[in-house]
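Structure record follows, encoded as structure tokens.
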Amino acid sequence: MATTAQTIGGAEKIDLNAQKPRSLWADAMRRLARNRAAMAGIVVVVLYVLIAIFAPLVAPKNPVEQTSNNSLRPPFWVTDNPRRMPNPENILGTDNNGRDILSRLIFGTRVSLIVGVVPQIIILAIGISLGLVSGYAGGWLDNLLMRITEIVASFPDLLFIITLTVAFRETLFGKAFNGLLLIFTALAIVGWTGMARLVRGQVLSLKEKEFIEAARALGIPTWKILFQHILPNTLAPIIVSVSFSIPGLILAEAVLTFLGVGMRPSVDPANPLPTSLGQMLTEGFSNLSSGPWMLLFPVLMISSLVLAFTFLGDGLRDALDPKDNG
Amino acid sequence: MTAYIIRRILWQIPVLLIVGLMTFGIAKITPGGPFDTDPNRRQVSPSVEKILRQKFGMDLPFWHQFTRYMFFDFVGNPKTGETEFQWGAMGGNFGPTYSSRGLRTVQQELFGERSGKPSRFYYSARLGMQALLLAIIVGIPVGVLAALRQNTIIDYVILFVSTFFASLSTLIMGFVLVIIFAVSLNWFTVIPDWTDPIRPWILPTVALGSVQLGFITRLTRSSVLEVKRQDYIRTAQAKGLADQVVIWRHMIKNALLPVVTILGPAAAALLTGTLFTEIIFQVPGMGSLLVEAIGKRDYSMITAGALIFVFFLGVANLIVDIAYGVIDPRISYQ
């Protein structure tokens with residue numbers, strides 16, 4: 001009996017030595033790499049981010065440059081209308097103002113990605129700090145903060161964002177960056193509640209764990225416990241939540257612009273952020289009968305972008321939380 | 001349970017008050033108004049503006065305007081000289097709309113019939129209910145099917161399509177439907193004929209319901225998969241019950257519980273979804289009216305819209321919570 005036990009113990013030891021210890025994150029990355037849909041999502045996202053960063057180099061034309069006698073040209077393969085033949089210079093056709101749709105798509109993706117990221121950073125800042133404080137402090141402070149969160153969350157978010165954007169649209173603040181600054185602020189003001197609740201929930205369960213108790217017993221200052229011991233352990237759900245929230249923000253911009261309270265179009269050729277996908281959808285919808293391609297291409301672009309983030313998010317969730325693979 | 005319901009209803013009161021205060025407050029503190037002489041807007045001469053402002057009580061202090069709008073006020077009648085009691089939003093009176101110069105009240109615009117046509121509320125409510133029904137009736141069976149055929153091609157297709165639906169917004173779905181069915185195939189006209197009882201409803205219902213359909217399908221699928229692993233399913237199979245009985249009596253009944261919880265957020269999404277669905281498909285409902293009101297800065301209408309939305313949301317969430325407690329006796333509300 002004794003020898004068997006020893007052999008088993010020895011075998012385990014060899015096993016442990018043969019295999020390099022893997023961290024949670026390395027494990028998650030391996031699982032993610034095996035997920036084909038998620039990898040496709042990453043490829044698309046990275047591709048679009050590169051296009052967005054190098055938009056002026058990639059775009060064949062200036063996105064706001066209008067050429068006369070070149071409006072509403074169809075994409076190059078549509079040649080069935082003799083009165084409206086495609087212009088070989090505009091691969092995806094032109095809009096009702098004679099602007100190149102491909103170039104506008106490239107710059108539009110740039111703005112839409114920025115709309116996905118900037119409010120997200122504000123949401124993370126508000127959500128994480130409130131969630132940490134609320135969860136760790138507990139008591140009346142927790143109660144107060146969660147009541148505030150509940151009220152903000154019970155707002156019909158779209159209606160509130162619209163009210164905010166309408167109210168401040170004509171102010172200097174509302175006109176900054178073609179109205180983008182106002183959109184960022186409005187989206188962040190209503191968007192942080194989910195993040196705060198998520199972080200709070202994580203903190204509540206983490207602060208009962210032994211390693212936090214040990215840290216407290218050692219006399220480590222509270223801010224250090226929060227940022228060095230608790231926050232890193234909440235990162236997995238935060239990352240998953242962010243990857244689902246970015247497409248939501250991109251779509252929210254499209255909705256706001258469609259309702260006429262979002263981004264303002266720019267006619268300045270030097271503007272680095274002249275149009276958004278939401279702007280293109282709106283223009284496309286109003287020219288639906290004369291040039292359906294004006295709507296079709298931004299729809300394809302925004303759908304592929306949103307789907308890529310969703311598949312990435314699904315993959316991240318499965319990879320970071322192996323228990324929940326339904 | 002009763003105490004829980006009462007507390008939930010009472011909690012709605014501060015929520016409604018704060019929503020009203022914020023919407024109303026934002027409207028009042030920001031520059032510009034429905035009658036101002038901003039050159040970009042509809043112009044009104046200063047003397048007319050003064051009369052209108054007086055008529056709508058916009059010259060009163062803020063707290064007075066707010067309490068008049070939300071609760072009640074005693075208003076002097078200029079013809080008889082008497083003061084009359086007048087309800088505010090609390091009593092179902094949202095006041096006159098600014099855009100009609102006070103000829104029609106908000107509740108008339110939203111809930112009143114217009115020369116034989118149904119009210120705007122009817123269009124929105126019908127659209128929302130149809131979309132929700134579509135999502136439930138199609139989503140649950142399809143989700144169950146995917147789970148029962150896990151890791152087959154059927155499962156993969158259903159999972160992909162439902163992820164596709166769930167991640168795209170109603171807005172994009174609306175555009176996709178318009179491009180395919182109205183512009184390319186010409187099955188539907190872009191400008192709907194609302195005297196037809198069925199045809200004009202199809203595309204907006206599908207567009208509005210598709211996102212929830214995707215969510216419900218995905219949730220049902222993962223919920224059935226979760227239940228499938230439970231010990232009581234193995235017990236039921238071990239004691240020799242027929243597959244059909246295990247699936248219907250033991251699996252699906254339990255798997256549907258989490259699906260009920262999604263109906264609260266679904267109601268919220270459907271409410272806001274009507275805003276742009278109604279514009280894309282030109283539905284003469286509340287959503288399109290509200291968006292119009294926003295453009296005109298018709299604040300009595302905007303605040304009413306926010307209050308009505310929050311009210312419906314609260315009711316929907318309460319019903320879902322109660323239903324959940326009734327369906328699942330393990331849940332107890334404190």
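Chain identifiers are assigned as A, B, and so on, following the order in which chains appear in the structure tokens; residues are numbered from 1 within each chain, and ligands are numbered from 1 in order of appearance.
Using only C-alpha atoms, the contacts of Lys117 of chain B at a cut-off of 10 Å, with sequence neighbours closer than 6 positions omitted, comprise Trp194, Thr195 and Pro284 of chain B.
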- prompt: Near Ser23 of chain A, within 12 Å and counting only C-alpha atoms, which residues show up once chain neighbours fewer than 6 positions away are dropped, as a list in words?
  reply: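 Once the adjacent positions are removed, what remains is Met29, Arg30 and Leu320 of chain A.
Within 8 Å of segment 158-173 of chain A, once only C-alpha atoms are used and residues closer than 5 positions along the same chain are dropped, the contacting residues are Gly179, Leu181, Leu182, Ile183, Ala186, Leu187, Val190, Leu256, Val261 and Gly262 of chain A; Thr23, Ile26, Ala27, Thr30, Pro31, Thr272, Ile294, Gly295, Arg297, Ile302 and Ala306 of chain B.
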query: Could you name the residues that touch segment 31-48 of chain A at 9 Å or less, counting only C-alpha atoms, but leaving out those on the same chain fewer than 4 positions away, as an MDAnalysis selection string?
result: chainID A and resid 26:27 52:53 106 109:110 113 304:305 307:316 318:320 322
For the selection you just gave me, I'd like the residues written to a file as a tab-separated table (two decimals), in the first residue's frame, keeping C-alpha atoms.
```
chain	number	residue	atom	x	y	z
A	26	ALA	CA	-2.73	32.10	-20.42
A	27	ASP	CA	-5.38	29.40	-20.00
A	52	ALA	CA	-9.75	53.61	-38.83
A	53	ILE	CA	-6.29	54.68	-37.67
A	106	ILE	CA	-13.69	54.29	-43.99
A	109	THR	CA	-15.93	53.51	-39.26
A	110	ARG	CA	-13.26	55.67	-37.66
A	113	LEU	CA	-15.08	53.11	-33.33
A	304	SER	CA	-20.05	43.27	-39.49
A	305	LEU	CA	-18.48	45.53	-36.86
A	307	LEU	CA	-21.14	41.04	-35.02
A	308	ALA	CA	-17.36	40.90	-34.74
A	309	PHE	CA	-17.49	42.44	-31.26
A	310	THR	CA	-20.32	40.11	-30.24
A	311	PHE	CA	-18.49	36.96	-31.32
A	312	LEU	CA	-15.38	38.23	-29.59
A	313	GLY	CA	-17.41	38.88	-26.44
A	314	ASP	CA	-19.02	35.43	-26.57
A	315	GLY	CA	-15.58	33.87	-26.98
A	316	LEU	CA	-14.09	35.90	-24.14
A	318	ASP	CA	-16.53	31.26	-22.58
A	319	ALA	CA	-12.75	31.52	-22.26
A	320	LEU	CA	-12.68	33.48	-19.01
A	322	PRO	CA	-15.08	27.89	-18.18
```
task: Have a look at B:Leu177, B:Leu257, B:Ala89, B:Leu133 and name the one nearest to chain A; count only C-alpha atoms.
output: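 Residue with the minimum atom-to-atom distance to chain A: B:Leu177.
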Point-to-point distance from atom CA of Gly305 of chain B to atom CA of Ser276 of chain A, Å rounded to tenths: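 Atom-to-atom, atom CA of Gly305 of chain B to atom CA of Ser276 of chain A, that is 28.3 Å.
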field: DSSP helix (DSSP H, G or I) residues within segment 77-212 of chain A, as a ChimeraX atom specification
entry: /A:101-137,139-154,157-168,172-206,210-212
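Interatomic distance, atom CA of Thr83 of chain B against atom CA of Leu103 of chain B: 20.5 Å.
Residue nearest chain B, chosen from A:Gly260, A:Pro119, A:Pro274, A:Gly93 and counting only C-alpha atoms: A:Gly260.
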- prompt: Got a sec to tell me which of segment 43-281 of chain B DSSP assigns to strand (DSSP E or B), as a list in words?
  reply: Phe72, Asp73, Phe74, Val75, Gly76, Thr83, Glu84, Phe85, Gln86, Trp87, Pro96, Thr105, Arg114 and Lys117 of chain B
- prompt: So which residues touch Ala255 of chain B within 7 Å, counting only C-alpha atoms, skipping near sequence neighbours fewer than 3 positions away, as a list in words?
  reply: Thr220, Ser223, Val224, Val227, Met251, Ile252 and Pro258 of chain B
- prompt: Hey, what's within 10 Å of Glu89 of chain A if we count only C-alpha atoms and toss same-chain stuff fewer than 3 positions away? As a list in words, please?
  reply: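 Final neighbour list, sorted by chain and number: Pro60, Lys61, Phe76, Pro86, Leu92, Gly93, Thr94 and Asp100 of chain A.
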task: For atom CA of Ala269 of chain B and atom CA of Gln212 of chain B, quote the distance in Å rounded to one decimal.
output: 8.2 Å
